[in-house]
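Here is the file target_21.cif (mmCIF, C-alpha atoms).
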```
data_target
#
loop_
_atom_site.label_atom_id
_atom_site.label_comp_id
_atom_site.auth_asym_id
_atom_site.auth_seq_id
_atom_site.Cartn_x
_atom_site.Cartn_y
_atom_site.Cartn_z
CA MET D 1 0.00 0.00 0.00
CA THR D 2 1.75 3.12 -1.19
CA VAL D 3 0.58 6.62 -0.39
CA ALA D 4 -0.37 7.05 -4.05
CA ALA D 5 -2.58 3.96 -3.97
CA ASN D 6 -3.93 5.14 -0.64
CA GLU D 7 -5.00 8.46 -2.16
CA LYS D 8 -6.54 6.78 -5.17
CA LYS D 9 -8.78 4.41 -3.23
CA MET D 10 -9.06 4.60 0.55
CA PRO D 11 -10.02 1.17 1.93
CA GLU D 12 -13.31 1.13 3.80
CA PRO D 13 -13.76 -0.02 7.40
CA ARG D 14 -13.53 -3.82 7.42
CA ASN D 15 -12.98 -6.67 9.91
CA GLY D 16 -13.86 -4.30 12.76
CA VAL D 17 -10.93 -2.07 11.74
CA ASP D 18 -11.64 1.62 11.17
CA THR D 19 -9.34 1.60 8.17
CA PRO D 20 -9.56 5.34 7.34
CA VAL D 21 -8.59 6.19 10.95
CA LEU D 22 -5.78 3.60 10.80
CA PHE D 23 -4.34 5.25 7.67
CA ALA D 24 -4.80 8.72 9.16
CA THR D 25 -2.91 7.56 12.26
CA ILE D 26 -0.07 6.13 10.19
CA ASN D 27 0.11 9.37 8.18
CA ALA D 28 0.10 11.50 11.36
CA VAL D 29 2.95 9.45 12.85
CA GLY D 30 4.82 9.61 9.56
CA ALA D 31 4.66 13.41 9.72
CA GLN D 32 5.60 13.57 13.43
CA PRO D 33 7.76 10.55 14.30
CA GLU D 34 7.98 11.46 18.01
CA LEU D 35 4.31 10.38 18.26
CA ALA D 36 5.55 6.81 17.68
CA LYS D 37 7.53 6.66 20.93
CA PHE D 38 5.60 4.54 23.43
CA LYS D 39 6.32 3.22 26.93
CA PHE D 40 4.29 0.27 28.17
CA ARG D 41 4.16 -0.57 31.88
CA ALA D 42 3.05 -3.24 34.32
CA THR D 43 3.17 -3.59 38.10
CA ASN D 44 3.36 -7.07 39.57
CA ARG D 45 2.81 -8.02 43.21
CA TRP D 46 3.68 -11.34 44.77
CA GLN D 47 0.69 -13.11 46.37
CA GLN D 48 2.19 -16.32 47.82
CA GLY D 49 4.34 -19.19 46.62
CA THR D 50 4.66 -18.90 42.84
CA HIS D 51 1.45 -16.86 42.54
CA SER D 52 1.57 -13.17 41.60
CA ARG D 53 -0.74 -10.56 40.10
CA THR D 54 0.03 -7.92 37.49
CA ARG D 55 -1.90 -4.69 37.01
CA ILE D 56 -1.78 -2.79 33.72
CA GLN D 57 -3.33 0.59 33.02
CA SER D 58 -1.07 3.56 32.25
CA PHE D 59 1.21 3.94 29.26
CA TYR D 60 2.92 6.74 27.39
CA GLY D 61 2.41 7.34 23.69
CA ALA D 62 1.29 9.71 20.94
CA GLY D 63 3.10 12.49 22.79
CA SER D 64 1.46 12.22 26.21
CA GLU D 65 0.51 10.00 29.16
CA GLN D 66 -2.35 7.65 28.31
CA MET D 67 -4.64 5.31 30.24
CA HIS D 68 -6.39 2.15 29.14
CA GLU D 69 -10.15 2.64 29.59
CA ARG D 70 -9.93 0.40 32.67
CA GLU D 71 -7.29 -1.32 34.75
CA PHE D 72 -6.52 -4.89 33.69
CA ALA D 73 -5.27 -7.50 36.18
CA PHE D 74 -3.74 -10.89 35.42
CA ASP D 75 -2.41 -13.60 37.70
CA ALA D 76 0.34 -16.12 37.05
CA ASP D 77 1.18 -19.27 38.99
CA HIS D 78 2.70 -22.73 38.61
CA PRO D 79 0.51 -25.83 38.23
CA ALA D 80 0.37 -28.47 40.99
CA VAL D 81 2.85 -30.70 39.13
CA LEU D 82 5.34 -27.81 39.50
CA VAL D 83 4.48 -27.30 43.18
CA GLY D 84 2.21 -24.29 42.61
CA ARG D 85 -1.50 -23.86 43.28
CA ASP D 86 -2.58 -23.45 39.65
CA GLN D 87 -4.33 -20.13 40.22
CA ALA D 88 -3.41 -19.04 36.69
CA PRO D 89 -1.24 -20.08 33.73
CA THR D 90 2.53 -20.09 34.10
CA PRO D 91 4.51 -17.03 33.03
CA VAL D 92 5.86 -18.87 29.97
CA GLU D 93 2.31 -19.58 28.75
CA PHE D 94 1.68 -15.82 28.62
CA LEU D 95 4.49 -15.60 26.07
CA LEU D 96 2.42 -17.85 23.80
CA HIS D 97 -0.63 -15.60 24.26
CA ALA D 98 1.48 -12.52 23.49
CA LEU D 99 2.91 -14.06 20.32
CA ALA D 100 -0.37 -15.34 18.87
CA SER D 101 -2.37 -12.22 19.74
CA CYS D 102 0.27 -9.89 18.27
CA ILE D 103 0.41 -11.60 14.90
CA THR D 104 -3.39 -11.94 14.84
CA ALA D 105 -3.92 -8.22 15.58
CA GLY D 106 -1.66 -7.44 12.65
CA ILE D 107 -3.59 -9.82 10.39
CA GLY D 108 -6.83 -7.95 11.24
CA ASN D 109 -5.28 -4.59 10.30
CA ILE D 110 -3.40 -5.76 7.22
CA ALA D 111 -6.43 -7.62 5.85
CA ALA D 112 -8.52 -4.44 6.24
CA ALA D 113 -5.83 -2.37 4.52
CA ARG D 114 -5.73 -4.83 1.62
CA GLY D 115 -9.52 -5.06 1.30
CA VAL D 116 -9.74 -8.67 2.50
CA THR D 117 -12.70 -9.66 4.68
CA LEU D 118 -11.67 -12.26 7.25
CA TYR D 119 -13.99 -15.06 8.28
CA GLU D 120 -11.81 -16.83 10.83
CA VAL D 121 -8.27 -16.70 12.21
CA GLU D 122 -7.05 -19.29 14.70
CA ALA D 123 -3.51 -19.80 15.95
CA MET D 124 -2.26 -22.81 17.89
CA VAL D 125 1.06 -22.22 19.63
CA GLU D 126 3.23 -24.81 21.32
CA GLY D 127 6.61 -24.41 23.01
CA ASP D 128 9.17 -26.98 24.16
CA ILE D 129 10.93 -26.39 27.44
CA ASP D 130 13.24 -28.66 29.45
CA LEU D 131 12.86 -27.75 33.11
CA GLN D 132 16.29 -29.09 34.02
CA GLY D 133 17.38 -25.49 33.32
CA ILE D 134 15.14 -23.61 35.75
CA LEU D 135 15.33 -26.39 38.35
CA GLY D 136 19.10 -25.90 38.47
CA LEU D 137 19.77 -29.52 37.45
CA SER D 138 21.80 -28.73 34.35
CA ASP D 139 23.89 -25.79 33.24
CA GLU D 140 23.80 -27.08 29.66
CA VAL D 141 20.02 -26.87 29.32
CA ARG D 142 18.72 -23.37 28.72
CA ASN D 143 16.14 -21.95 31.11
CA GLY D 144 13.70 -20.85 28.44
CA TYR D 145 11.86 -22.41 25.53
CA GLN D 146 13.97 -24.32 23.04
CA GLY D 147 11.56 -23.60 20.22
CA LEU D 148 8.05 -22.31 19.51
CA ARG D 149 5.69 -23.50 16.76
CA VAL D 150 2.67 -21.55 15.57
CA ASN D 151 0.06 -22.88 13.18
CA PHE D 152 -2.40 -20.40 11.72
CA LYS D 153 -5.76 -21.35 10.21
CA ILE D 154 -7.10 -18.43 8.22
CA LYS D 155 -10.27 -18.07 6.15
CA GLY D 156 -11.44 -15.03 4.20
CA ASP D 157 -12.71 -13.76 0.84
CA ALA D 158 -9.32 -13.97 -0.87
CA PRO D 159 -7.27 -16.70 -2.58
CA LYS D 160 -5.18 -19.00 -0.41
CA GLU D 161 -1.96 -17.26 -1.45
CA LYS D 162 -3.24 -13.80 -0.51
CA LEU D 163 -4.36 -15.10 2.90
CA GLU D 164 -0.92 -16.65 3.45
CA GLN D 165 0.65 -13.29 2.60
CA LEU D 166 -1.41 -11.60 5.34
CA VAL D 167 0.16 -13.90 7.93
CA GLU D 168 3.63 -13.37 6.50
CA GLN D 169 3.30 -9.57 6.42
CA SER D 170 1.99 -9.54 9.98
CA ARG D 171 4.92 -11.69 11.14
CA ARG D 172 7.31 -9.25 9.46
CA ARG D 173 5.81 -6.36 11.46
CA SER D 174 5.08 -8.11 14.76
CA ALA D 175 6.57 -6.52 17.86
CA VAL D 176 6.29 -9.73 19.91
CA TYR D 177 7.73 -11.95 17.15
CA ASP D 178 10.68 -9.55 16.94
CA VAL D 179 11.30 -9.57 20.70
CA LEU D 180 10.92 -13.35 21.04
CA THR D 181 13.15 -14.24 18.10
CA THR D 182 15.79 -11.52 18.50
CA GLY D 183 15.77 -10.72 22.22
CA VAL D 184 15.79 -7.38 24.00
CA PRO D 185 18.10 -5.87 26.65
CA VAL D 186 16.57 -6.16 30.13
CA SER D 187 17.95 -4.19 33.07
CA ILE D 188 16.98 -5.09 36.63
CA THR D 189 17.37 -2.95 39.73
CA VAL D 190 16.48 -3.93 43.30
CA ASN D 191 15.37 -1.95 46.35
CA ALA D 192 15.71 -4.43 49.22
CA GLY D 193 14.91 -4.31 52.93
CA MET V 1 21.73 -25.63 48.56
CA THR V 2 23.71 -28.82 48.09
CA VAL V 3 22.21 -32.28 48.57
CA ALA V 4 24.33 -32.67 51.72
CA ALA V 5 22.92 -29.47 53.21
CA ASN V 6 19.49 -30.55 52.06
CA GLU V 7 19.81 -33.85 53.97
CA LYS V 8 21.11 -32.13 57.06
CA LYS V 9 18.29 -29.64 57.38
CA MET V 10 15.26 -29.80 55.12
CA PRO V 11 13.70 -26.32 54.86
CA GLU V 12 10.15 -26.12 56.13
CA PRO V 13 7.18 -24.91 54.09
CA ARG V 14 7.43 -21.12 53.83
CA ASN V 15 6.01 -18.25 51.75
CA GLY V 16 3.19 -20.56 50.62
CA VAL V 17 5.78 -22.91 49.07
CA ASP V 18 5.62 -26.57 50.06
CA THR V 19 9.40 -26.69 50.27
CA PRO V 20 9.74 -30.45 51.02
CA VAL V 21 7.60 -31.26 47.96
CA LEU V 22 9.64 -28.78 45.90
CA PHE V 23 12.88 -30.52 46.86
CA ALA V 24 11.33 -33.97 46.30
CA THR V 25 10.24 -32.81 42.82
CA ILE V 26 13.71 -31.53 41.98
CA ASN V 27 15.24 -34.81 43.20
CA ALA V 28 12.73 -36.88 41.19
CA VAL V 29 13.51 -34.92 38.01
CA GLY V 30 17.23 -35.20 38.74
CA ALA V 31 16.87 -39.00 38.82
CA GLN V 32 14.66 -39.12 35.70
CA PRO V 33 15.51 -36.15 33.42
CA GLU V 34 12.80 -37.03 30.86
CA LEU V 35 10.27 -35.79 33.47
CA ALA V 36 11.65 -32.29 32.84
CA LYS V 37 10.46 -32.16 29.22
CA PHE V 38 7.38 -29.92 29.04
CA LYS V 39 5.26 -28.57 26.20
CA PHE V 40 3.08 -25.54 26.88
CA ARG V 41 0.23 -24.61 24.55
CA ALA V 42 -2.24 -21.88 23.76
CA THR V 43 -5.02 -21.47 21.21
CA ASN V 44 -5.88 -17.97 20.04
CA ARG V 45 -8.96 -16.93 18.06
CA TRP V 46 -9.47 -13.62 16.33
CA GLN V 47 -12.55 -11.72 17.53
CA GLN V 48 -12.56 -8.54 15.40
CA GLY V 49 -10.14 -5.77 14.49
CA THR V 50 -7.07 -6.14 16.72
CA HIS V 51 -9.01 -8.07 19.40
CA SER V 52 -8.35 -11.77 19.96
CA ARG V 53 -8.83 -14.31 22.75
CA THR V 54 -6.43 -17.02 23.89
CA ARG V 55 -7.44 -20.19 25.74
CA ILE V 56 -4.93 -22.14 27.82
CA GLN V 57 -5.54 -25.46 29.51
CA SER V 58 -3.60 -28.54 28.36
CA PHE V 59 0.13 -29.05 28.57
CA TYR V 60 2.56 -31.95 28.53
CA GLY V 61 5.02 -32.61 31.32
CA ALA V 62 6.29 -34.97 34.01
CA GLY V 63 5.94 -37.80 31.49
CA SER V 64 2.29 -37.39 30.50
CA GLU V 65 -0.47 -35.10 29.27
CA GLN V 66 -1.60 -32.65 31.97
CA MET V 67 -4.46 -30.20 32.40
CA HIS V 68 -4.65 -26.99 34.39
CA GLU V 69 -7.45 -27.32 36.95
CA ARG V 70 -9.56 -25.04 34.76
CA GLU V 71 -9.36 -23.38 31.37
CA PHE V 72 -7.91 -19.87 31.41
CA ALA V 73 -8.89 -17.26 28.80
CA PHE V 74 -7.20 -13.95 28.06
CA ASP V 75 -7.96 -11.26 25.52
CA ALA V 76 -5.59 -8.85 23.83
CA ASP V 77 -6.39 -5.70 21.86
CA HIS V 78 -4.99 -2.31 20.91
CA PRO V 79 -6.02 0.87 22.75
CA ALA V 80 -8.09 3.55 21.01
CA VAL V 81 -4.99 5.65 20.30
CA LEU V 82 -3.77 2.68 18.23
CA VAL V 83 -7.14 2.27 16.50
CA GLY V 84 -8.27 -0.66 18.65
CA ARG V 85 -11.23 -0.93 21.02
CA ASP V 86 -9.17 -1.36 24.22
CA GLN V 87 -10.88 -4.60 25.24
CA ALA V 88 -7.63 -5.80 26.87
CA PRO V 89 -3.94 -4.90 27.11
CA THR V 90 -1.77 -5.01 24.01
CA PRO V 91 0.22 -8.18 23.25
CA VAL V 92 3.49 -6.43 24.18
CA GLU V 93 2.13 -5.61 27.66
CA PHE V 94 1.67 -9.35 28.28
CA LEU V 95 5.44 -9.71 27.80
CA LEU V 96 5.89 -7.42 30.83
CA HIS V 97 3.48 -9.55 32.88
CA ALA V 98 5.32 -12.72 31.84
CA LEU V 99 8.71 -11.29 32.78
CA ALA V 100 7.73 -9.93 36.20
CA SER V 101 5.66 -12.95 37.21
CA CYS V 102 8.40 -15.40 36.19
CA ILE V 103 11.12 -13.76 38.25
CA THR V 104 8.71 -13.28 41.17
CA ALA V 105 7.66 -16.96 41.16
CA GLY V 106 11.33 -17.88 41.36
CA ILE V 107 11.87 -15.47 44.25
CA GLY V 108 9.06 -17.20 46.19
CA ASN V 109 10.64 -20.62 45.69
CA ILE V 110 14.26 -19.59 46.24
CA ALA V 111 13.39 -17.63 49.39
CA ALA V 112 11.63 -20.72 50.80
CA ALA V 113 14.60 -22.92 49.91
CA ARG V 114 16.96 -20.51 51.68
CA GLY V 115 14.75 -20.14 54.76
CA VAL V 116 13.81 -16.51 54.06
CA THR V 117 10.28 -15.38 54.90
CA LEU V 118 9.09 -12.79 52.39
CA TYR V 119 6.89 -9.88 53.44
CA GLU V 120 6.46 -8.15 50.09
CA VAL V 121 7.70 -8.38 46.51
CA GLU V 122 6.70 -5.79 43.91
CA ALA V 123 8.06 -5.40 40.40
CA MET V 124 7.53 -2.41 38.14
CA VAL V 125 8.33 -3.07 34.49
CA GLU V 126 8.56 -0.55 31.69
CA GLY V 127 9.45 -1.05 28.05
CA ASP V 128 10.34 1.44 25.31
CA ILE V 129 8.98 0.85 21.83
CA ASP V 130 9.03 3.05 18.75
CA LEU V 131 5.97 2.23 16.66
CA GLN V 132 7.56 3.45 13.44
CA GLY V 133 8.64 -0.18 13.13
CA ILE V 134 5.28 -1.94 13.30
CA LEU V 135 3.54 0.87 11.41
CA GLY V 136 5.88 0.24 8.48
CA LEU V 137 7.21 3.82 8.56
CA SER V 138 10.86 2.91 9.03
CA ASP V 139 12.96 -0.12 8.22
CA GLU V 140 15.66 1.10 10.60
CA VAL V 141 13.46 1.03 13.70
CA ARG V 142 12.94 -2.44 15.15
CA ASN V 143 9.39 -3.72 15.57
CA GLY V 144 9.81 -4.79 19.19
CA TYR V 145 10.88 -3.20 22.45
CA GLN V 146 14.21 -1.42 22.41
CA GLY V 147 14.77 -2.09 26.10
CA LEU V 148 12.99 -3.26 29.25
CA ARG V 149 13.58 -2.02 32.81
CA VAL V 150 12.45 -3.89 35.91
CA ASN V 151 12.62 -2.48 39.43
CA PHE V 152 12.03 -4.90 42.30
CA LYS V 153 11.04 -3.85 45.82
CA ILE V 154 11.56 -6.77 48.17
CA LYS V 155 11.05 -7.04 51.94
CA GLY V 156 11.65 -10.07 54.16
CA ASP V 157 13.34 -11.33 57.33
CA ALA V 158 16.85 -11.30 55.87
CA PRO V 159 19.57 -8.69 55.37
CA LYS V 160 19.39 -6.42 52.34
CA GLU V 161 22.20 -8.30 50.59
CA LYS V 162 20.52 -11.69 51.00
CA LEU V 163 17.25 -10.28 49.63
CA GLU V 164 19.12 -8.85 46.63
CA GLN V 165 20.67 -12.28 46.04
CA LEU V 166 17.19 -13.84 45.85
CA VAL V 167 16.32 -11.57 42.93
CA GLU V 168 19.65 -12.26 41.24
CA GLN V 169 19.37 -16.04 41.59
CA SER V 170 15.80 -15.94 40.27
CA ARG V 171 16.90 -13.90 37.26
CA ARG V 172 19.63 -16.45 36.58
CA ARG V 173 17.02 -19.25 36.46
CA SER V 174 14.12 -17.41 34.85
CA ALA V 175 12.66 -19.00 31.73
CA VAL V 176 11.04 -15.75 30.56
CA TYR V 177 14.16 -13.63 31.21
CA ASP V 178 16.15 -16.14 29.15
CA VAL V 179 13.70 -16.08 26.23
CA LEU V 180 13.34 -12.28 26.23
CA THR V 181 17.06 -11.53 26.45
CA THR V 182 18.35 -14.36 24.22
CA GLY V 183 15.49 -15.09 21.83
CA VAL V 184 14.02 -18.39 20.71
CA PRO V 185 13.46 -19.93 17.26
CA VAL V 186 9.82 -19.52 16.17
CA SER V 187 8.41 -21.51 13.23
CA ILE V 188 5.11 -20.50 11.64
CA THR V 189 2.93 -22.60 9.37
CA VAL V 190 -0.31 -21.53 7.71
CA ASN V 191 -3.43 -23.41 6.59
CA ALA V 192 -5.29 -20.91 4.44
CA GLY V 193 -8.63 -20.94 2.62
#
```

Transcribe the structure of this file into structure tokens.
Amino acid sequence: MTVAANEKKMPEPRNGVDTPVLFATINAVGAQPELAKFKFRATNRWQQGTHSRTRIQSFYGAGSEQMHEREFAFDADHPAVLVGRDQAPTPVEFLLHALASCITAGIGNIAAARGVTLYEVEAMVEGDIDLQGILGLSDEVRNGYQGLRVNFKIKGDAPKEKLEQLVEQSRRRSAVYDVLTTGVPVSITVNAG
Amino acid sequence: MTVAANEKKMPEPRNGVDTPVLFATINAVGAQPELAKFKFRATNRWQQGTHSRTRIQSFYGAGSEQMHEREFAFDADHPAVLVGRDQAPTPVEFLLHALASCITAGIGNIAAARGVTLYEVEAMVEGDIDLQGILGLSDEVRNGYQGLRVNFKIKGDAPKEKLEQLVEQSRRRSAVYDVLTTGVPVSITVNAG
């Protein structure tokens, strides 16, 4: 989608995406790149054992402090087989949610931009992890996942190849795919006592 | 904690961690490393626009198929300023939840193993992202976070230095910290049409 094509024929709202507003937003950020600088935040509090709760509401972006319309809260825990109380999924399962939902959000937007009406998008994600790492039983086994597999099922009013290209373009522009495959610097500070 | 120390003085349950069961689990996996092989899974379905919903229940581990005690469901969306309907946090915010909750779960376990009673653990996480990447406005700006910062506040019945060491040891054994800082191979397949 070039700007010229965009001017010739603005895509209509589709797939629940307000496509004209999406293009206006992209154009506004293109004209004022500082609007693209975002900071996302979360505050986590330990509950007991391996159980904790994260609250998410404020973020910075589009040039000013922002708030989600409401505060969101999510727990994490270990299952009984890992000596937790199974109050919520494990932290590593939230990585799978983040990956699938990021690529799927992009598919919704890109399909709308390309004039494709989606009927169904489903992603199944699976990750392999050898817990000898986190249990401290081996220094040769990594702590994290050894590999992730995602299978997308996608249906819409476009040929198979065009639907496949939506997934591929979304992968190419996915923030979570980038972080998970490439890594990101993490700095940790501690106030103790 | 060496096995010898472990035999001399088994730590008692503490911080909501059943420490004897935790050590028995680690010993069982040490004797039978194939028990450490886990597969975690999630299934995500597109709702509309940038909104999708992930369901998490089954996983494989400890030598057989397992189920969380109940099915967990989580949404993700974009906020209004990013042309979504703000039904849930963004996918990249779930990465912050995963990171904080993973290190905090480890702190609960490690503190129990070391005989430290925790009073409070809080983690604030913030990540910088420049959306020129995902908006397709720049090929020089990465799609994902450029950096993450975590600040832990931790209180317990141990000296400041020992509390700081709990956070450091948990970071060293965190599955999510490993994946986010080092990356993981992700393979994507598509069934279209």

Subject >> Near-Leu135 in chain D list (9 Å; only C-alpha atoms; drop same-chain fewer than 4 positions) as a list of chain:residue names >> reply: D:Leu131, D:Asn143, V:Ile26, V:Val29, V:Ala36, V:Arg173

Requested write-out: C-alpha atoms of the selected residues, as a PDB file, in the frame of the given file:
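Output below, filename result33.pdb:
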```
ATOM      1  CA  LEU D 131      12.860 -27.750  33.110  1.00  0.00           C
ATOM      2  CA  ASN D 143      16.140 -21.950  31.110  1.00  0.00           C
TER       3      ASN D 143
ATOM      4  CA  ILE V  26      13.710 -31.530  41.980  1.00  0.00           C
ATOM      5  CA  VAL V  29      13.510 -34.920  38.010  1.00  0.00           C
ATOM      6  CA  ALA V  36      11.650 -32.290  32.840  1.00  0.00           C
ATOM      7  CA  ARG V 173      17.020 -19.250  36.460  1.00  0.00           C
TER       8      ARG V 173
END
```

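Residues with any atom within 12 Å of the point (-9.8, -24.5, 33.6), counting all atoms listed in the file, are D:Pro79, D:Asp86, D:Gln87, D:Ala88, D:Pro89, V:Arg55, V:Ile56, V:Gln57, V:Ser58, V:Gln66, V:Met67, V:His68, V:Glu69, V:Arg70, V:Glu71, V:Phe72, V:Ala73.
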
Store the residues picked out above, limited to C-alpha atoms, as a PDB file, keeping the file's coordinate frame.
```pdb
ATOM      1  CA  PRO D  79       0.510 -25.830  38.230  1.00  0.00           C
ATOM      2  CA  ASP D  86      -2.580 -23.450  39.650  1.00  0.00           C
ATOM      3  CA  GLN D  87      -4.330 -20.130  40.220  1.00  0.00           C
ATOM      4  CA  ALA D  88      -3.410 -19.040  36.690  1.00  0.00           C
ATOM      5  CA  PRO D  89      -1.240 -20.080  33.730  1.00  0.00           C
TER       6      PRO D  89
ATOM      7  CA  ARG V  55      -7.440 -20.190  25.740  1.00  0.00           C
ATOM      8  CA  ILE V  56      -4.930 -22.140  27.820  1.00  0.00           C
ATOM      9  CA  GLN V  57      -5.540 -25.460  29.510  1.00  0.00           C
ATOM     10  CA  SER V  58      -3.600 -28.540  28.360  1.00  0.00           C
ATOM     11  CA  GLN V  66      -1.600 -32.650  31.970  1.00  0.00           C
ATOM     12  CA  MET V  67      -4.460 -30.200  32.400  1.00  0.00           C
ATOM     13  CA  HIS V  68      -4.650 -26.990  34.390  1.00  0.00           C
ATOM     14  CA  GLU V  69      -7.450 -27.320  36.950  1.00  0.00           C
ATOM     15  CA  ARG V  70      -9.560 -25.040  34.760  1.00  0.00           C
ATOM     16  CA  GLU V  71      -9.360 -23.380  31.370  1.00  0.00           C
ATOM     17  CA  PHE V  72      -7.910 -19.870  31.410  1.00  0.00           C
ATOM     18  CA  ALA V  73      -8.890 -17.260  28.800  1.00  0.00           C
TER      19      ALA V  73
END
```

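CA of Arg85 in chain V is positioned 28.7 Å from CA of Lys160 in chain D.
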
**OP:** Let me know the residues the PyMOL selection byres ((chain D and resi 46) around 12) catches in the file above, as number ranges by chain.
**Re:** D: 43-45, 47-55, 74-77; V: 15-16, 100-109, 118-124, 152-155

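Atom to atom, CA of Phe59 in chain V and CA of Tyr145 in chain D stand 13.8 Å apart.
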
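In this comparison, which uses only C-alpha atoms, the residue of V:Pro13, V:Glu161, V:Arg149, V:Glu34 approaching Tyr177 in chain V most closely is V:Arg149.
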